[in-house]
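Q: A single structure is presented below for examination.
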Amino acid sequence: MAREKRSKWLTDDEVEALFATVDETGHSNTATAEKEHRRRRRKGVGLEVDPLSGKDPSGSNVGAVIARTAVAFVVVLLIAIVGAQVGYGVMRRSSTANLTASVTPQSVASALQGGVEWGNGFTQFPEDFSVQEADEATGRVEVTVVDVTSANEMEAMSGGYIQATAFATNALLNPNINTVIYHIDVHDGGDGKIENAQLFGFLQPTTPVKNFMTFIFTKATSKSGGFNIFCTITGIDGPTMERLREKISSSPLDFLGADSPDADATAGGTSASVPTKAAGGSQPAA
């Protein structure tokens, strides 16, 4: 009887039967496969490839892992940013001096160093400052700051007015304070120019310091319990006034004392009084 001729290729059933006995090590013999498992455990090979896996034959879900990692990184980053902002706000508010409750040289210095609450945020002050007076017994607060960030007179005046108003309002809300004097000094660059810091503040100006202007805020309490705040700007010299006039093209100049009958130009300086009405009080007649 003739022998049945077999093909050199395995049939589908034979292939399925063969691979049914092969594990992830590639061996069909149980003893050999166990030896391979022990060798891998001994040498620290942790990834076992399953060639029969329909979902992931290579044993590595690279795409899914990358996607999960990216999403987790973004979520953690957002949580860290929000947490840092909340923590910074809480820390800043807890460390900010409350001038409405207590005015001392220490509390005033702390307010100038850390800023005061104004509007929806904080108003910062120049790093170089000094406190001349802060006494609830006399009702006066007097400070001097040195502006090294403004490039010209207009920037120094506009920024200084915002800072002075924020500082003075916080201090004048203290019932024992009725006068706040805020001096602004700048570095004289010559020819009417202001020398400011360069290279993001790494190069500080070295020219002599001069007084640029002074804001004087006074509080007048009415019989009804409200009060009015008056602001007087002094110390602006004639050349500075002319340069400010040239830079202002559309705003009236009355607040600078150009046409005000109360303007006092003595010894080369200019003084202008700006009344500011506070809530709860009525403007007294002149």
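Chain labels follow the order of the structure tokens: the first chain is A, the next B, and so on; residue numbering restarts at 1 in every chain, and ligands are counted from 1 in their shown order.
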Considering only C-alpha atoms, return as a ChimeraX atom specification whatever protein or nucleic-acid residues lie within 12 Å of range 102-119 of chain A, sequence-local ones (same chain, fewer than 5 positions apart) excluded.
A: /A:89,91-97,124-146,162-178,180,182
Q: Residues of the last selection are to be written out with N, CA and C atoms, as a short mmCIF file (atom, residue, chain, number, x, y, z; two decimals), in the first residue's frame.
A:
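Full text of again-v5.cif as output:
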```cif
data_model
loop_
_atom_site.label_atom_id
_atom_site.label_comp_id
_atom_site.auth_asym_id
_atom_site.auth_seq_id
_atom_site.Cartn_x
_atom_site.Cartn_y
_atom_site.Cartn_z
N GLY A 89 -2.55 83.85 46.69
CA GLY A 89 -3.49 84.88 47.10
C GLY A 89 -3.78 84.84 48.59
N MET A 91 -1.81 83.54 50.93
CA MET A 91 -0.61 83.94 51.65
C MET A 91 -0.41 85.45 51.62
N ARG A 92 -0.67 86.03 50.45
CA ARG A 92 -0.45 87.47 50.31
C ARG A 92 -1.44 88.26 51.15
N ARG A 93 -2.70 87.84 51.14
CA ARG A 93 -3.68 88.56 51.94
C ARG A 93 -3.41 88.41 53.44
N SER A 94 -2.93 87.25 53.84
CA SER A 94 -2.64 87.05 55.26
C SER A 94 -1.41 87.82 55.72
N SER A 95 -0.49 88.10 54.79
CA SER A 95 0.74 88.81 55.16
C SER A 95 0.67 90.31 54.89
N THR A 96 -0.40 90.78 54.21
CA THR A 96 -0.51 92.20 53.90
C THR A 96 -0.98 92.97 55.13
N ALA A 97 -0.30 94.06 55.41
CA ALA A 97 -0.66 94.88 56.57
C ALA A 97 -2.00 95.57 56.34
N GLN A 124 1.37 97.46 43.81
CA GLN A 124 2.75 97.34 44.24
C GLN A 124 3.40 98.72 44.32
N PHE A 125 4.44 98.81 45.14
CA PHE A 125 5.18 100.05 45.31
C PHE A 125 6.66 99.81 44.97
N PRO A 126 7.40 100.87 44.70
CA PRO A 126 8.83 100.70 44.43
C PRO A 126 9.55 99.99 45.58
N GLU A 127 10.57 99.23 45.24
CA GLU A 127 11.30 98.47 46.25
C GLU A 127 12.08 99.38 47.19
N ASP A 128 12.54 100.51 46.69
CA ASP A 128 13.32 101.44 47.51
C ASP A 128 12.36 102.46 48.13
N PHE A 129 12.18 102.40 49.43
CA PHE A 129 11.27 103.31 50.11
C PHE A 129 11.77 103.58 51.53
N SER A 130 11.22 104.60 52.14
CA SER A 130 11.53 104.92 53.53
C SER A 130 10.29 105.50 54.18
N VAL A 131 10.18 105.30 55.48
CA VAL A 131 9.04 105.79 56.25
C VAL A 131 9.52 106.89 57.18
N GLN A 132 9.07 108.13 56.93
CA GLN A 132 9.47 109.25 57.77
C GLN A 132 8.61 109.36 59.03
N GLU A 133 7.32 109.07 58.88
CA GLU A 133 6.41 109.20 60.02
C GLU A 133 5.21 108.29 59.81
N ALA A 134 4.79 107.64 60.86
CA ALA A 134 3.58 106.82 60.86
C ALA A 134 3.10 106.75 62.30
N ASP A 135 2.22 107.67 62.66
CA ASP A 135 1.83 107.82 64.06
C ASP A 135 0.33 108.13 64.13
N GLU A 136 -0.41 107.28 64.81
CA GLU A 136 -1.83 107.53 64.97
C GLU A 136 -2.09 108.67 65.95
N ALA A 137 -1.12 108.97 66.82
CA ALA A 137 -1.30 110.07 67.77
C ALA A 137 -1.32 111.42 67.06
N THR A 138 -0.45 111.59 66.06
CA THR A 138 -0.43 112.84 65.29
C THR A 138 -1.36 112.78 64.09
N GLY A 139 -1.79 111.59 63.72
CA GLY A 139 -2.68 111.44 62.58
C GLY A 139 -1.99 111.60 61.24
N ARG A 140 -0.67 111.42 61.20
CA ARG A 140 0.08 111.66 59.96
C ARG A 140 0.84 110.41 59.54
N VAL A 141 0.93 110.24 58.22
CA VAL A 141 1.77 109.22 57.61
C VAL A 141 2.56 109.89 56.51
N GLU A 142 3.88 109.73 56.54
CA GLU A 142 4.74 110.34 55.52
C GLU A 142 5.76 109.31 55.05
N VAL A 143 5.79 109.06 53.75
CA VAL A 143 6.71 108.07 53.18
C VAL A 143 7.36 108.66 51.93
N THR A 144 8.47 108.05 51.54
CA THR A 144 9.18 108.44 50.32
C THR A 144 9.52 107.18 49.54
N VAL A 145 9.23 107.17 48.26
CA VAL A 145 9.58 106.05 47.39
C VAL A 145 10.47 106.56 46.27
N VAL A 146 11.33 105.68 45.76
CA VAL A 146 12.23 106.01 44.66
C VAL A 146 11.80 105.19 43.45
N ILE A 162 -1.45 106.59 40.95
CA ILE A 162 -2.19 105.37 41.28
C ILE A 162 -1.68 104.78 42.59
N GLN A 163 -0.36 104.69 42.73
CA GLN A 163 0.21 104.13 43.95
C GLN A 163 -0.11 104.99 45.16
N ALA A 164 0.05 106.30 45.02
CA ALA A 164 -0.22 107.20 46.14
C ALA A 164 -1.68 107.15 46.56
N THR A 165 -2.59 107.11 45.59
CA THR A 165 -4.02 107.06 45.91
C THR A 165 -4.38 105.77 46.63
N ALA A 166 -3.86 104.64 46.15
CA ALA A 166 -4.15 103.36 46.81
C ALA A 166 -3.61 103.35 48.23
N PHE A 167 -2.38 103.81 48.41
CA PHE A 167 -1.78 103.81 49.74
C PHE A 167 -2.51 104.77 50.67
N ALA A 168 -2.78 105.99 50.19
CA ALA A 168 -3.41 107.00 51.04
C ALA A 168 -4.83 106.60 51.43
N THR A 169 -5.58 106.04 50.49
CA THR A 169 -6.96 105.65 50.79
C THR A 169 -6.99 104.57 51.86
N ASN A 170 -6.09 103.58 51.75
CA ASN A 170 -6.03 102.54 52.77
C ASN A 170 -5.69 103.12 54.13
N ALA A 171 -4.77 104.08 54.17
CA ALA A 171 -4.37 104.67 55.44
C ALA A 171 -5.44 105.60 56.00
N LEU A 172 -6.09 106.39 55.13
CA LEU A 172 -7.09 107.35 55.61
C LEU A 172 -8.38 106.68 56.05
N LEU A 173 -8.59 105.43 55.68
CA LEU A 173 -9.74 104.70 56.21
C LEU A 173 -9.56 104.37 57.69
N ASN A 174 -8.34 104.55 58.19
CA ASN A 174 -8.10 104.45 59.63
C ASN A 174 -8.65 105.71 60.29
N PRO A 175 -9.54 105.60 61.27
CA PRO A 175 -10.15 106.80 61.87
C PRO A 175 -9.15 107.72 62.55
N ASN A 176 -7.96 107.23 62.86
CA ASN A 176 -6.97 108.06 63.56
C ASN A 176 -6.00 108.76 62.61
N ILE A 177 -6.13 108.54 61.31
CA ILE A 177 -5.22 109.15 60.33
C ILE A 177 -6.00 110.16 59.51
N ASN A 178 -5.45 111.37 59.39
CA ASN A 178 -6.11 112.40 58.59
C ASN A 178 -5.19 113.04 57.55
N VAL A 180 -1.86 112.06 54.78
CA VAL A 180 -0.89 111.14 54.19
C VAL A 180 -0.05 111.91 53.18
N TYR A 182 2.97 111.52 50.41
CA TYR A 182 3.61 110.50 49.59
C TYR A 182 4.60 111.19 48.65
#
```
Q: Take CA of Ser224 in chain A and CA of Tyr161 in chain A and report the distance between them in Å, one decimal.
A: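 About the pair CA of Ser224 in chain A and CA of Tyr161 in chain A: they are 28.9 Å apart.
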Q: Which residue, A:Ala151, A:Lys219, A:Phe230, A:Lys210, has the smallest gap to Ala197 in chain A when you use only C-alpha atoms?
A: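 Going through A:Ala151, A:Lys219, A:Phe230, A:Lys210 one by one, the smallest distance to Ala197 in chain A is for A:Ala151.
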Q: If you run DSSP on the backbone here, which positions in range 103-255 of chain A get strand (DSSP E or B)? Please write them as a PyMOL selection string.
A: chain A and resi 116-118+121-123+128-135+140-147+179-190+193-195+198+203+209-221+227-237
Q: Counting only C-alpha atoms, figure out which residue out of A:Asn211, A:Thr100, A:Gln85, A:Thr206 gets nearest to Thr240 in chain A.
A: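 Smallest distance to Thr240 in chain A is found for A:Asn211.
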Q: Could you tell me, as number ranges by chain, which residues of range 63-257 of chain A DSSP assigns to alpha helix (DSSP H) when given the backbone?
A: A: 63-95, 105-114, 153-172, 238-247
Q: Please write the residues from the selection above to a file, keeping C-alpha atoms, as an mmCIF file, in the first residue's frame.
A:
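Result file is selection-v8.cif:
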```cif
data_model
loop_
_atom_site.group_PDB
_atom_site.id
_atom_site.type_symbol
_atom_site.label_atom_id
_atom_site.label_comp_id
_atom_site.auth_asym_id
_atom_site.auth_seq_id
_atom_site.Cartn_x
_atom_site.Cartn_y
_atom_site.Cartn_z
ATOM 1 C CA GLY A 63 -0.664 54.825 21.972
ATOM 2 C CA ALA A 64 -2.978 54.369 24.929
ATOM 3 C CA VAL A 65 -0.173 54.872 27.434
ATOM 4 C CA ILE A 66 0.978 58.086 25.747
ATOM 5 C CA ALA A 67 -2.573 59.434 25.634
ATOM 6 C CA ARG A 68 -3.220 58.651 29.299
ATOM 7 C CA THR A 69 0.105 60.165 30.314
ATOM 8 C CA ALA A 70 -0.531 63.363 28.348
ATOM 9 C CA VAL A 71 -4.008 63.817 29.811
ATOM 10 C CA ALA A 72 -2.750 63.127 33.330
ATOM 11 C CA PHE A 73 0.102 65.619 32.881
ATOM 12 C CA VAL A 74 -2.241 68.379 31.691
ATOM 13 C CA VAL A 75 -4.695 67.751 34.536
ATOM 14 C CA VAL A 76 -1.941 67.744 37.164
ATOM 15 C CA LEU A 77 -0.420 70.907 35.664
ATOM 16 C CA LEU A 78 -3.762 72.750 35.742
ATOM 17 C CA ILE A 79 -4.399 71.667 39.324
ATOM 18 C CA ALA A 80 -0.904 72.816 40.317
ATOM 19 C CA ILE A 81 -1.364 76.223 38.651
ATOM 20 C CA VAL A 82 -4.767 76.833 40.230
ATOM 21 C CA GLY A 83 -3.522 75.638 43.604
ATOM 22 C CA ALA A 84 -0.466 77.885 43.397
ATOM 23 C CA GLN A 85 -2.611 80.909 42.525
ATOM 24 C CA VAL A 86 -5.035 80.257 45.361
ATOM 25 C CA GLY A 87 -2.216 79.634 47.819
ATOM 26 C CA TYR A 88 -0.363 82.757 46.703
ATOM 27 C CA GLY A 89 -3.491 84.880 47.100
ATOM 28 C CA VAL A 90 -4.226 83.501 50.559
ATOM 29 C CA MET A 91 -0.605 83.939 51.651
ATOM 30 C CA ARG A 92 -0.453 87.470 50.308
ATOM 31 C CA ARG A 93 -3.682 88.557 51.943
ATOM 32 C CA SER A 94 -2.644 87.048 55.264
ATOM 33 C CA SER A 95 0.742 88.810 55.158
ATOM 34 C CA PRO A 105 6.196 102.330 61.105
ATOM 35 C CA GLN A 106 6.276 98.533 60.883
ATOM 36 C CA SER A 107 2.796 98.173 59.354
ATOM 37 C CA VAL A 108 3.435 100.994 56.867
ATOM 38 C CA ALA A 109 6.751 99.433 55.818
ATOM 39 C CA SER A 110 5.027 96.063 55.443
ATOM 40 C CA ALA A 111 2.325 97.651 53.258
ATOM 41 C CA LEU A 112 4.906 99.322 51.018
ATOM 42 C CA GLN A 113 6.884 96.108 50.743
ATOM 43 C CA GLY A 114 4.010 93.695 50.100
ATOM 44 C CA GLU A 153 7.847 112.186 33.685
ATOM 45 C CA MET A 154 4.442 111.117 32.367
ATOM 46 C CA GLU A 155 4.978 107.498 33.412
ATOM 47 C CA ALA A 156 6.304 108.569 36.799
ATOM 48 C CA MET A 157 3.339 110.843 37.430
ATOM 49 C CA SER A 158 0.598 108.457 36.256
ATOM 50 C CA GLY A 159 2.052 105.443 38.040
ATOM 51 C CA GLY A 160 2.849 107.452 41.152
ATOM 52 C CA TYR A 161 -0.672 108.862 41.342
ATOM 53 C CA ILE A 162 -2.194 105.372 41.283
ATOM 54 C CA GLN A 163 0.215 104.129 43.949
ATOM 55 C CA ALA A 164 -0.219 107.198 46.144
ATOM 56 C CA THR A 165 -4.017 107.060 45.906
ATOM 57 C CA ALA A 166 -4.146 103.361 46.805
ATOM 58 C CA PHE A 167 -1.776 103.814 49.742
ATOM 59 C CA ALA A 168 -3.414 106.998 51.042
ATOM 60 C CA THR A 169 -6.956 105.646 50.793
ATOM 61 C CA ASN A 170 -6.031 102.539 52.775
ATOM 62 C CA ALA A 171 -4.368 104.675 55.444
ATOM 63 C CA LEU A 172 -7.090 107.348 55.605
ATOM 64 C CA GLY A 238 8.604 124.629 35.633
ATOM 65 C CA PRO A 239 10.557 122.585 33.046
ATOM 66 C CA THR A 240 8.818 119.400 34.176
ATOM 67 C CA MET A 241 5.467 121.149 33.829
ATOM 68 C CA GLU A 242 6.285 122.127 30.242
ATOM 69 C CA ARG A 243 7.298 118.582 29.316
ATOM 70 C CA LEU A 244 4.128 117.194 30.869
ATOM 71 C CA ARG A 245 2.078 119.775 28.983
ATOM 72 C CA GLU A 246 3.677 118.659 25.709
ATOM 73 C CA LYS A 247 2.901 114.999 26.386
#
```
Q: Can you work out the spacing between CA of Ile229 in chain A and CA of Leu99 in chain A in Å, to one decimal?
A: 16.5 Å
Q: If you count only C-alpha atoms, which residues fall within 12 Å of Gln198 in chain A, apart from same-chain ones fewer than 5 positions away, as a PDB file with N, CA and C atoms, in the first residue's frame?
A:
```
ATOM      1  N   VAL A 148      12.225 103.661  39.963  1.00  0.00           N
ATOM      2  CA  VAL A 148      13.301 103.292  39.032  1.00  0.00           C
ATOM      3  C   VAL A 148      12.754 102.566  37.802  1.00  0.00           C
ATOM      4  N   THR A 149      11.440 102.504  37.657  1.00  0.00           N
ATOM      5  CA  THR A 149      10.843 101.795  36.521  1.00  0.00           C
ATOM      6  C   THR A 149      10.303 102.733  35.448  1.00  0.00           C
ATOM      7  N   SER A 150       9.948 103.949  35.803  1.00  0.00           N
ATOM      8  CA  SER A 150       9.374 104.884  34.827  1.00  0.00           C
ATOM      9  C   SER A 150      10.459 105.444  33.928  1.00  0.00           C
ATOM     10  N   ALA A 151      10.131 105.566  32.630  1.00  0.00           N
ATOM     11  CA  ALA A 151      11.106 106.057  31.654  1.00  0.00           C
ATOM     12  C   ALA A 151      11.021 107.557  31.448  1.00  0.00           C
ATOM     13  N   LEU A 203      20.375  96.128  36.176  1.00  0.00           N
ATOM     14  CA  LEU A 203      21.239  97.311  36.208  1.00  0.00           C
ATOM     15  C   LEU A 203      20.452  98.463  36.805  1.00  0.00           C
ATOM     16  N   GLN A 204      20.760  98.801  38.041  1.00  0.00           N
ATOM     17  CA  GLN A 204      20.064  99.872  38.733  1.00  0.00           C
ATOM     18  C   GLN A 204      20.703 101.223  38.411  1.00  0.00           C
ATOM     19  N   PRO A 205      19.909 102.302  38.389  1.00  0.00           N
ATOM     20  CA  PRO A 205      20.466 103.631  38.114  1.00  0.00           C
ATOM     21  C   PRO A 205      21.406 104.080  39.225  1.00  0.00           C
ATOM     22  N   THR A 206      22.399 104.857  38.848  1.00  0.00           N
ATOM     23  CA  THR A 206      23.421 105.309  39.807  1.00  0.00           C
ATOM     24  C   THR A 206      23.502 106.824  39.914  1.00  0.00           C
TER      25      THR A 206
END
```
Q: By how many Å are CA of Val15 in chain A and CA of Arg38 in chain A apart?
A: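 CA of Arg38 in chain A lies at a distance of 27.4 Å from CA of Val15 in chain A.
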